[in-house]
Structure formats: C-alpha cells, structure tokens
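Engineer: File name structure-v3.txt; file contents compact mmCIF, C-alpha atoms; full text below.
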# COMPACT_ATOMS: atom_id res chain seq x y z
CA MET A 79 -9.53 22.17 0.75
CA ILE A 80 -8.49 21.02 -2.70
CA LEU A 81 -11.14 18.50 -3.61
CA ALA A 82 -10.02 15.54 -5.59
CA ASN A 83 -10.24 16.34 -9.26
CA LEU A 84 -9.87 12.87 -10.70
CA THR A 85 -7.99 14.11 -13.75
CA SER A 86 -5.25 15.79 -11.73
CA CYS A 87 -5.23 13.74 -8.54
CA ASN A 88 -4.10 10.16 -8.12
CA LEU A 89 -6.39 9.04 -5.31
CA PHE A 90 -4.38 5.89 -4.74
CA MET A 91 -0.85 7.19 -4.14
CA GLY A 92 -0.29 8.83 -0.79
CA SER A 93 0.21 7.97 2.86
CA TRP A 94 -1.64 7.07 6.03
CA VAL A 95 -2.08 9.98 8.47
CA TYR A 96 -3.02 9.54 12.15
CA ASP A 97 -6.34 11.32 12.75
CA GLU A 98 -8.09 11.47 16.14
CA THR A 99 -11.47 12.14 14.46
CA TYR A 100 -11.53 8.57 13.10
CA PRO A 101 -13.13 5.99 12.93
CA LEU A 102 -16.23 7.11 11.04
CA TYR A 103 -18.47 4.87 13.22
CA GLN A 104 -18.27 2.56 16.23
CA SER A 105 -18.55 -1.14 15.42
CA SER A 106 -20.84 -1.63 18.45
CA SER A 107 -23.45 0.68 16.88
CA CYS A 108 -23.46 -0.91 13.42
CA PRO A 109 -26.31 -3.38 12.80
CA ILE A 110 -24.65 -5.66 10.28
CA ILE A 111 -21.01 -6.62 10.98
CA ASP A 112 -20.18 -10.34 10.59
CA SER A 113 -18.44 -11.92 13.57
CA GLN A 114 -15.34 -12.56 11.44
CA PHE A 115 -14.85 -8.80 10.88
CA ASN A 116 -15.93 -7.64 14.36
CA CYS A 117 -12.49 -7.39 15.94
CA GLN A 118 -13.43 -5.18 18.90
CA MET A 119 -16.20 -7.54 19.94
CA TYR A 120 -13.79 -10.51 19.78
CA GLY A 121 -11.11 -9.08 22.02
CA ARG A 122 -8.94 -6.71 20.01
CA SER A 123 -7.94 -4.09 22.60
CA ASP A 124 -5.61 -1.78 20.62
CA THR A 125 -7.40 1.02 18.78
CA ASP A 126 -4.73 2.97 16.87
CA TYR A 127 -5.51 0.97 13.71
CA LEU A 128 -8.92 2.70 13.67
CA LYS A 129 -7.38 6.18 13.58
CA TYR A 130 -5.65 6.32 10.21
CA ARG A 131 -6.95 8.46 7.35
CA TRP A 132 -5.74 8.01 3.78
CA LYS A 133 -4.16 11.19 2.37
CA PRO A 134 -3.44 11.25 -1.39
CA ALA A 135 -0.13 12.95 -2.16
CA ASN A 136 -1.42 15.90 -4.16
CA CYS A 137 -5.01 16.57 -3.03
CA ASP A 138 -7.48 16.07 -0.21
CA ILE A 139 -10.52 13.85 -0.42
CA PRO A 140 -13.90 14.76 1.07
CA ARG A 141 -14.91 13.21 4.36
CA PHE A 142 -17.69 10.70 3.80
CA ASN A 143 -21.16 12.21 4.26
CA GLY A 144 -23.86 9.57 4.57
CA VAL A 145 -26.80 11.98 4.28
CA ASP A 146 -25.26 13.50 1.13
CA PHE A 147 -24.86 10.00 -0.31
CA LEU A 148 -28.50 9.08 0.41
CA MET A 149 -29.84 12.36 -1.03
CA ARG A 150 -27.84 12.00 -4.25
CA MET A 151 -28.78 8.31 -4.58
CA ARG A 152 -32.49 8.65 -3.70
CA GLY A 153 -34.46 5.90 -5.44
CA LYS A 154 -31.31 4.14 -6.69
CA THR A 155 -29.51 0.85 -6.18
CA VAL A 156 -25.89 -0.04 -5.39
CA MET A 157 -24.56 -3.59 -5.68
CA TYR A 158 -21.22 -5.06 -4.64
CA VAL A 159 -20.48 -8.24 -6.59
CA GLY A 160 -17.73 -10.71 -5.68
CA ASP A 161 -16.21 -12.63 -2.78
CA SER A 162 -15.98 -12.07 0.99
CA LEU A 163 -13.77 -9.00 0.46
CA GLY A 164 -16.76 -7.51 -1.38
CA ARG A 165 -18.92 -8.51 1.60
CA ASN A 166 -16.38 -6.83 3.91
CA GLN A 167 -16.73 -3.63 1.85
CA TRP A 168 -20.55 -3.88 1.62
CA GLN A 169 -20.90 -4.13 5.39
CA SER A 170 -18.47 -1.24 5.89
CA PHE A 171 -20.57 0.95 3.59
CA ILE A 172 -23.81 0.15 5.43
CA CYS A 173 -22.10 1.00 8.75
CA MET A 174 -20.86 4.32 7.31
CA ILE A 175 -24.29 5.33 6.00
CA SER A 176 -26.15 4.08 9.10
CA ALA A 177 -23.95 6.20 11.38
CA ALA A 178 -25.20 9.32 9.55
CA VAL A 179 -28.90 8.41 9.85
CA PRO A 180 -29.19 6.39 13.08
CA ARG A 181 -32.99 6.76 13.24
CA ALA A 182 -33.70 5.95 9.60
CA GLN A 183 -36.17 3.20 8.73
CA THR A 184 -34.21 0.26 7.32
CA GLN A 185 -34.84 -3.27 6.11
CA MET A 186 -32.39 -6.16 5.77
CA ILE A 187 -33.12 -9.03 3.37
CA THR A 188 -30.61 -11.86 3.76
CA GLY A 189 -30.16 -14.50 1.10
CA ASP A 190 -27.70 -16.44 -1.04
CA PRO A 191 -26.30 -15.30 -3.40
CA ILE A 192 -27.85 -11.86 -2.77
CA SER A 193 -28.41 -9.84 0.41
CA THR A 194 -29.86 -6.32 0.44
CA PHE A 195 -29.94 -3.52 3.02
CA LYS A 196 -32.55 -0.84 2.33
CA PHE A 197 -32.70 2.73 3.63
CA LEU A 198 -36.47 3.03 3.25
CA ASP A 199 -36.81 6.80 3.85
CA TYR A 200 -34.60 7.40 0.80
CA ALA A 201 -35.55 4.32 -1.28
CA VAL A 202 -31.84 3.45 -1.51
CA SER A 203 -30.80 -0.19 -1.52
CA VAL A 204 -27.24 -1.47 -1.07
CA SER A 205 -26.77 -5.13 -2.00
CA PHE A 206 -24.08 -7.78 -1.97
CA TYR A 207 -24.14 -10.54 -4.62
CA ARG A 208 -21.83 -13.40 -3.73
CA THR A 209 -19.94 -14.91 -6.66
CA PRO A 210 -16.22 -15.37 -5.88
CA TYR A 211 -15.24 -15.99 -9.53
CA LEU A 212 -17.83 -13.67 -11.20
CA VAL A 213 -18.40 -16.38 -13.84
CA ASP A 214 -20.96 -19.15 -13.31
CA ILE A 215 -20.53 -22.41 -11.39
CA ASP A 216 -22.84 -25.33 -12.24
CA LEU A 217 -23.37 -28.52 -10.28
CA VAL A 218 -23.25 -31.52 -12.66
CA GLN A 219 -23.59 -35.03 -11.20
CA GLY A 220 -22.34 -33.77 -7.86
CA LYS A 221 -19.30 -32.00 -9.35
CA ARG A 222 -18.82 -28.21 -9.33
CA ILE A 223 -17.98 -26.97 -12.84
CA LEU A 224 -16.44 -23.49 -13.08
CA ARG A 225 -17.67 -22.14 -16.43
CA LEU A 226 -14.84 -19.85 -17.54
CA ASP A 227 -16.76 -18.70 -20.61
CA ASP A 228 -20.30 -18.44 -19.17
CA ILE A 229 -21.73 -15.69 -16.98
CA THR A 230 -25.39 -15.99 -18.00
CA LYS A 231 -26.81 -17.00 -14.62
CA ASN A 232 -24.98 -14.52 -12.39
CA SER A 233 -25.33 -11.57 -14.70
CA ASN A 234 -29.15 -11.57 -14.65
CA ALA A 235 -28.99 -10.01 -11.16
CA TRP A 236 -26.78 -7.13 -12.33
CA ARG A 237 -29.11 -5.71 -14.99
CA GLY A 238 -30.75 -2.41 -14.11
CA VAL A 239 -28.53 -1.68 -11.09
CA ASP A 240 -27.45 1.99 -10.89
CA VAL A 241 -23.99 1.51 -9.36
CA LEU A 242 -22.08 -1.79 -9.73
CA SER A 243 -18.79 -2.56 -7.95
CA PHE A 244 -17.07 -5.87 -8.81
CA ASN A 245 -14.23 -7.72 -7.14
CA THR A 246 -12.54 -11.08 -7.57
CA GLY A 247 -9.09 -12.54 -6.93
CA HIS A 248 -8.52 -14.57 -3.79
CA TRP A 249 -10.49 -17.66 -4.79
CA TRP A 250 -8.60 -18.15 -8.05
CA THR A 251 -5.49 -19.26 -6.15
CA HIS A 252 -7.18 -21.56 -3.59
CA LYS A 253 -6.19 -25.23 -3.73
CA GLY A 254 -7.14 -28.36 -1.83
CA ALA A 255 -10.07 -28.06 0.58
CA LEU A 256 -10.43 -24.31 -0.08
CA GLN A 257 -10.80 -24.72 -3.85
CA GLY A 258 -14.31 -23.74 -4.94
CA TRP A 259 -14.67 -26.04 -7.98
CA ASP A 260 -13.93 -29.60 -9.16
CA TYR A 261 -13.44 -28.93 -12.90
CA MET A 262 -12.96 -25.89 -15.08
CA ASP A 263 -14.86 -25.73 -18.35
CA ILE A 264 -13.67 -23.67 -21.27
CA GLY A 265 -15.07 -24.08 -24.76
CA GLY A 266 -16.90 -27.26 -23.72
CA LYS A 267 -13.68 -28.97 -22.56
CA LEU A 268 -13.18 -29.92 -18.89
CA TYR A 269 -9.88 -29.36 -17.09
CA GLN A 270 -8.88 -30.69 -13.67
CA ASP A 271 -6.57 -27.70 -13.34
CA MET A 272 -4.68 -25.07 -15.33
CA ASP A 273 -2.43 -22.09 -14.68
CA ARG A 274 -4.57 -20.06 -12.30
CA LEU A 275 -3.65 -16.71 -13.87
CA VAL A 276 -4.70 -18.07 -17.28
CA ALA A 277 -8.00 -19.19 -15.72
CA LEU A 278 -8.48 -15.77 -14.09
CA GLU A 279 -7.85 -14.00 -17.38
CA SER A 280 -10.30 -16.26 -19.21
CA GLY A 281 -13.01 -15.63 -16.58
CA LEU A 282 -12.36 -11.88 -16.56
CA ARG A 283 -12.55 -11.68 -20.35
CA THR A 284 -15.95 -13.39 -20.18
CA TRP A 285 -17.04 -10.78 -17.61
CA ALA A 286 -15.60 -7.95 -19.76
CA ARG A 287 -17.47 -9.13 -22.87
CA TRP A 288 -20.72 -9.18 -20.89
CA ILE A 289 -20.09 -5.66 -19.53
CA ASP A 290 -19.23 -4.27 -22.97
CA ALA A 291 -22.36 -5.81 -24.49
CA ASN A 292 -24.87 -5.10 -21.70
CA ILE A 293 -23.92 -2.09 -19.56
CA ASP A 294 -24.86 1.41 -20.68
CA LYS A 295 -22.44 3.69 -18.86
CA SER A 296 -24.75 6.69 -19.26
CA ARG A 297 -27.14 4.80 -16.97
CA THR A 298 -24.91 2.64 -14.78
CA ARG A 299 -21.77 3.64 -12.87
CA LEU A 300 -19.24 0.84 -13.03
CA PHE A 301 -16.38 0.10 -10.62
CA PHE A 302 -13.83 -2.68 -10.22
CA GLN A 303 -12.05 -3.16 -6.93
CA GLY A 304 -8.30 -3.86 -7.07
CA VAL A 305 -6.93 -7.01 -5.42
CA SER A 306 -6.98 -6.83 -1.63
CA PRO A 307 -3.52 -7.89 -0.37
CA THR A 308 -2.87 -10.42 2.40
CA HIS A 309 -0.22 -10.22 5.14
CA TYR A 310 0.89 -13.76 5.94
CA ASN A 311 4.60 -13.20 5.29
CA PRO A 312 6.38 -10.88 7.76
CA SER A 313 9.47 -10.75 5.54
CA ASP A 314 7.35 -8.44 3.33
CA TRP A 315 7.56 -5.76 6.02
CA THR A 316 10.57 -6.57 8.21
CA THR A 317 14.21 -6.38 7.23
CA GLY A 318 17.41 -7.69 8.71
CA ALA A 319 17.56 -10.04 11.69
CA SER A 320 13.90 -9.82 12.64
CA SER A 321 12.83 -11.34 9.33
CA ALA A 322 14.36 -14.59 10.48
CA SER A 323 11.60 -14.93 13.09
CA SER A 324 9.27 -17.86 12.62
CA ALA A 325 6.08 -15.75 12.62
CA ARG A 326 3.82 -16.47 9.68
CA SER A 327 0.98 -14.04 10.25
CA CYS A 328 -0.07 -10.45 10.94
CA TYR A 329 -0.73 -11.23 14.61
CA GLY A 330 0.50 -8.46 16.91
CA GLU A 331 0.82 -5.84 14.15
CA THR A 332 -0.57 -2.50 15.35
CA VAL A 333 0.81 0.18 13.01
CA PRO A 334 0.79 0.66 9.21
CA MET A 335 3.90 0.61 7.07
CA SER A 336 5.24 3.82 5.61
CA GLY A 337 7.01 4.60 2.36
CA THR A 338 6.11 4.79 -1.30
CA ALA A 339 7.45 1.43 -2.55
CA TYR A 340 5.13 -1.56 -2.73
CA PRO A 341 5.98 -3.88 0.19
CA GLY A 342 6.57 -7.49 -0.82
CA THR A 343 5.42 -8.73 -4.22
CA TYR A 344 2.85 -6.82 -6.29
CA PRO A 345 -0.02 -9.24 -7.05
CA ASP A 346 0.19 -10.86 -10.51
CA GLN A 347 -3.60 -10.85 -10.51
CA MET A 348 -3.56 -7.05 -10.76
CA ARG A 349 -1.50 -7.23 -13.95
CA VAL A 350 -4.08 -9.60 -15.44
CA MET A 351 -6.97 -7.31 -14.44
CA GLN A 352 -5.29 -4.24 -15.90
CA ALA A 353 -4.57 -6.07 -19.18
CA VAL A 354 -8.23 -7.15 -19.51
CA MET A 355 -9.54 -3.65 -18.73
CA ARG A 356 -7.23 -2.06 -21.30
CA ASP A 357 -8.98 -4.13 -23.98
CA MET A 358 -12.53 -3.15 -22.93
CA ASN A 359 -14.69 -0.67 -24.87
CA ASN A 360 -16.52 0.14 -21.66
CA PRO A 361 -13.97 -0.22 -18.83
CA PRO A 362 -14.93 0.27 -15.17
CA PHE A 363 -13.32 2.83 -12.88
CA LEU A 364 -10.55 0.86 -11.15
CA LEU A 365 -10.63 1.40 -7.39
CA ASP A 366 -6.92 0.71 -7.18
CA ILE A 367 -6.70 0.00 -3.45
CA THR A 368 -3.90 -2.58 -3.61
CA PHE A 369 -0.98 -0.33 -2.61
CA LEU A 370 -2.76 1.62 0.13
CA SER A 371 -4.07 -1.66 1.60
CA ALA A 372 -0.66 -3.34 1.39
CA MET A 373 0.57 -0.73 3.90
CA ARG A 374 -2.05 -1.87 6.44
CA LYS A 375 -0.55 -4.99 7.99
CA ASP A 376 -2.18 -3.80 11.23
CA ALA A 377 -5.80 -3.81 10.01
CA HIS A 378 -6.69 -7.53 9.70
CA PRO A 379 -8.79 -9.49 12.21
CA SER A 380 -5.79 -11.73 12.98
CA ILE A 381 -7.06 -13.84 15.91
CA TYR A 382 -9.82 -11.37 16.87
CA SER A 383 -12.46 -13.07 14.78
CA GLY A 384 -15.69 -14.75 15.78
CA ALA A 385 -14.98 -17.34 13.10
CA LEU A 386 -12.16 -18.88 15.19
CA THR A 387 -12.30 -21.33 18.09
CA SER A 388 -10.33 -20.65 21.29
CA GLU A 389 -7.82 -23.34 20.21
CA GLN A 390 -7.31 -21.55 16.88
CA ARG A 391 -6.88 -18.20 18.64
CA ALA A 392 -4.09 -19.70 20.69
CA ASN A 393 -2.19 -20.56 17.49
CA PRO A 394 -1.95 -17.39 15.37
CA ASP A 395 0.69 -18.77 12.99
CA HIS A 396 -1.79 -21.33 11.69
CA SER A 397 -5.14 -19.62 12.23
CA ALA A 398 -4.86 -15.81 12.10
CA ASP A 399 -7.04 -14.17 9.44
CA CYS A 400 -4.67 -11.87 7.55
CA SER A 401 -6.81 -11.54 4.42
CA HIS A 402 -10.09 -9.97 5.60
CA TRP A 403 -10.22 -6.62 7.44
CA CYS A 404 -11.61 -5.41 10.76
CA LEU A 405 -14.73 -3.21 10.79
CA ALA A 406 -14.55 -0.38 11.53
CA GLY A 407 -11.30 -0.20 9.59
CA LEU A 408 -9.62 -0.22 6.20
CA PRO A 409 -12.69 -0.97 3.98
CA ASP A 410 -14.14 2.35 5.21
CA THR A 411 -11.31 4.02 3.25
CA TRP A 412 -12.13 1.94 0.17
CA ASN A 413 -15.68 3.27 0.42
CA GLN A 414 -14.57 6.84 1.01
CA LEU A 415 -12.62 6.59 -2.27
CA PHE A 416 -15.63 4.92 -3.95
CA TYR A 417 -17.83 7.85 -2.77
CA THR A 418 -15.22 10.35 -4.01
CA ALA A 419 -14.98 8.71 -7.43
CA LEU A 420 -18.76 8.51 -7.68
CA PHE A 421 -19.54 12.16 -6.99
CA PHE A 422 -16.45 14.42 -7.09
Represent the structure from my file as structure tokens, please.
Structural biologist:
Amino acid sequence: MILANLTSCNLFMGSWVYDETYPLYQSSSCPIIDSQFNCQMYGRSDTDYLKYRWKPANCDIPRFNGVDFLMRMRGKTVMYVGDSLGRNQWQSFICMISAAVPRAQTQMITGDPISTFKFLDYAVSVSFYRTPYLVDIDLVQGKRILRLDDITKNSNAWRGVDVLSFNTGHWWTHKGALQGWDYMDIGGKLYQDMDRLVALESGLRTWARWIDANIDKSRTRLFFQGVSPTHYNPSDWTTGASSASSARSCYGETVPMSGTAYPGTYPDQMRVMQAVMRDMNNPPFLLDITFLSAMRKDAHPSIYSGALTSEQRANPDHSADCSHWCLAGLPDTWNQLFYTALFF
C-alpha cells in the first residue's frame, strides 16, 4: 500500500468507494453519541451510507488504528474547539478509539464550554471546547456582545494542549432566532450587524494573531477543519426536470454523489479562511474536508434525529437536519484524515 506522503498526495481529492468492511464501529456500542447524531437509534433503516471509504486519487490512507493512536499519544491531550460540527467530530473520534479498546478504563467529564473523555490506561484525554465563533462573547446588561477582536477568555483553555483542532463557520451566517449575539464589537464600537464574511474575517484574524503569538508548533500540533457543507438545496445535486421538485432537504438521500466538480456553490467562508491562513506565520494544517463532504448528501441525520419531535419528523422540508452528520458516518473519515495527517 502506498501510504499517504503528504508532500505528494492530496488527501482531499478523490472519490467515495463502497467498502463492506465499514463502518469502523457500531453506533449502539459507542458510549457517547448525542441523540441528534444517532440516526440508527432514531429510525434510519438504510445502511449503505455507513459503507463508504474515502479514497484519495493518487495514494491510499491507513485504516484508523485506535491502539496505535493511544500508544503514540500516551500522556497527551487532544482538543477540538468550535461549534456542534466540532462536537460531531469529537464524538466520532471517541467512538473510533473506544471500538479498539472496548475494555479500557475511561472517564467522561461533561461541562460547558468544555467536556473531556479520558482513556485512563493511556493517560490520553480528548476534549471538546464549545465556542461557535472562536472569539469571545460577553454578556453586558443582558445583551450578548460578540467581541471580534478579543479571544482572551476562550484561549486560556487552549494553552498547553498537545493537539488542537479548530472549526468555525455555520454560526456566522445565522440570523433571527438562531443568531448567537445581539451586537458585534470591533475596536470598541458596537454594530447591530455587518457583512457576515467581513465579521468572520475579523474574528479569524483575531484567532490567527493569538495562534501566531502563543502556539509553539514544535510542541503543539495545529489543525483547522474546513467548512462542513449543508444539503438543503436539491438543485445542487439534481439536474433537469427533477430539480423542479419542491423538496428542500436531504431527506430520502441514500447514496453519495460522484464526480470531481464541486456540487453547488463552494462556500465563501472557505475563501476567507484560506486568505487568513495565507497571512499567518504559524498556519495550521487545513483539514480540507469541504469537497469530500459535499459529495455526501446521504450522510446527514435528516429526520432520524432525537432532537426532533414526531410532528417535525413528519415534515422533512421544514425540519430535516441536513447540516450535522450521522454517527457512525462521515466524521469518521474526517478523523481518519486527521490521524493520517498527524502521524504519516
């Protein structure tokens, strides 16, 4: 097998191959999956979506080995930092490792903003730190202020971690009831709103300055997760007459897309992230999962989510979750690529 040599192999261009040896674990045997990601438990009966392996075009990647990961990481810490897509990936990783050491002594510490799962026999801890914007949010007189140029509070938790993986994106576009702030603050001036891509860039540059000033890459491995695409618009993957259908969700999708062209519209947020990283002295390794995930219209919870009521399940066009991902499922591939980039 040609192992991925990161200089000669683009891990992120390739295709999805059906593989009977997948998934890497059964969701029923994983101790940590949130109800919103636990599609099998909430009635998803098709299983082909579990069977796809990512195959880069010009190399093979190693199959994930949880014991190997724990041995290499003995005494070390991993932290995912970001929004619920980071949580999705964190839980996937714990499932993947747990499947390799089913009798290991473990400990789960749940909190907000940080939750930690420990593999005690190896002194390895894998944490999730919830901060959807990366930068700080302060509560002032009952109003949530998004501090686009301040990251002091959040960043205290990231010091001394051995492997850091950041993600952000989805929350920057939320409006109305889903919006996570009341005002944005930049340079001491409050804004009720601004161009969301400008806000994202400002927040990311604050994060980048902190990383460049505080992270020693000889001690800390640094990753940034590409934007995870959503599948709410079937015209992104259907052509001709069928695109006139009124469906507005990923409900009923059971197979990935094929091809090498990006389906739909490439996220503007990725362009912003790439621009910020180009200007960094100390850039992270970009886990560029956007294209390979865009092919997976079949891998979302859709209506098979414990977060939905029976009334919501009956109305997929308005309620289906086409932004998170089922576990087992696609985030396992993100973590297989994370493992490959970390060690190979």
Engineer: Just the number, please: distance in Å from atom CA of A:Asp199 to atom CA of A:Ile110, one decimal.
Structural biologist: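 Atom-to-atom, atom CA of A:Asp199 and atom CA of A:Ile110 are spaced 18.6 Å apart.
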Engineer: Rank A:Asn360, A:Gln414, A:Thr209, A:Asn166 by their smallest atom-to-atom distance to A:Arg299, using all atoms listed in the file, and report the top residue only.
Structural biologist: A:Asn360
Engineer: Which of these residues is nearest to A:Tyr261, using all atoms listed in the file: A:Met351, A:Leu224, A:Ile192, A:Val276?
Structural biologist: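 Once distances to A:Tyr261 are computed over all atoms listed in the file, the minimum belongs to A:Leu224.
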Engineer: May I have the residues within 12 Å of A:Leu217 as a PyMOL selection string, using all atoms listed in the file and disregarding those fewer than 5 positions away in the same chain?
Structural biologist: chain A and resi 222-225+258-262
Engineer: Excluding same-chain residues fewer than 6 positions from stretch 92-109 of chain A, what lies within 7 Å of it counting only C-alpha atoms, as a ChimeraX atom specification?
Structural biologist: /A:128-135,173-174,177,405-406
Engineer: Closest to A:Gly238 among A:Ser176, A:Ala398, A:Thr298, A:Leu256, using all atoms listed in the file?
Structural biologist: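 Comparing A:Ser176, A:Ala398, A:Thr298, A:Leu256 against A:Gly238, the winner is A:Thr298.
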Engineer: Of the residues A:Val179, A:Phe416, A:Cys117, A:Ser86, which is the one nearest to A:Asp146, using all atoms listed in the file?
Structural biologist: A:Val179
Engineer: Mind checking which residues fall within 9 Å of A:Leu148, counting all atoms listed in the file, ignoring those fewer than 5 positions away in the same chain, and posting them as JSON, numbers by chain?
Structural biologist: {"A": [143, 153, 175, 197, 200, 201, 202]}
Engineer: I'd like to know which of A:Val241, A:Val305, A:Cys87, A:Val333 is closest to A:Asp161, using all atoms listed in the file.
Structural biologist: A:Val305
Engineer: Atom CA of A:Asp228 and atom CA of A:Pro361, how far apart in Å?
Structural biologist: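 Calculated distance between atom CA of A:Pro361 and atom CA of A:Asp228 is 19.3 Å.
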Engineer: Can you measure atom CA of A:Ala419 to atom CA of A:Gly164 for me? One decimal in Å is fine.
Structural biologist: 17.4 Å
Engineer: Of the residues A:Ala178, A:Leu278, A:His309, A:Asp112, which is the one nearest to A:Met149, using all atoms listed in the file?
Structural biologist: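 Under the stated criterion, the closest residue is A:Ala178.
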Engineer: Counting only C-alpha atoms, which residues of stretch 89-177 of chain A fall within 8 Å of stretch 365-387 of chain A, and what is the closest atom pair for each with its distance in Å at one decimal, ordered by chain and rising number, as a Markdown table?
Structural biologist:
| residue | atom | partner | partner_atom | distance |
| --- | --- | --- | --- | --- |
| A:Phe90 | CA | A:Asp366 | CA | 6.3 |
| A:Met91 | CA | A:Leu370 | CA | 7.3 |
| A:Gly92 | CA | A:Leu370 | CA | 7.7 |
| A:Ser93 | CA | A:Leu370 | CA | 7.5 |
| A:Ser113 | CA | A:Gly384 | CA | 4.5 |
| A:Gln114 | CA | A:Ser383 | CA | 4.4 |
| A:Phe115 | CA | A:Pro379 | CA | 6.2 |
| A:Asn116 | CA | A:Ser383 | CA | 6.5 |
| A:Cys117 | CA | A:Tyr382 | CA | 4.9 |
| A:Gln118 | CA | A:Tyr382 | CA | 7.4 |
| A:Tyr120 | CA | A:Tyr382 | CA | 5.0 |
| A:Gly121 | CA | A:Tyr382 | CA | 5.8 |
| A:Arg122 | CA | A:Tyr382 | CA | 5.7 |
| A:Tyr127 | CA | A:Ala377 | CA | 6.1 |
| A:Trp132 | CA | A:Leu370 | CA | 7.9 |
Engineer: Which residues are close to A:Leu364, i.e. within 9 Å by only C-alpha atoms, leaving aside same-chain residues fewer than 3 positions away? Reply as a PyMOL selection string.
Structural biologist: chain A and resi 300-304+352+355+361+367
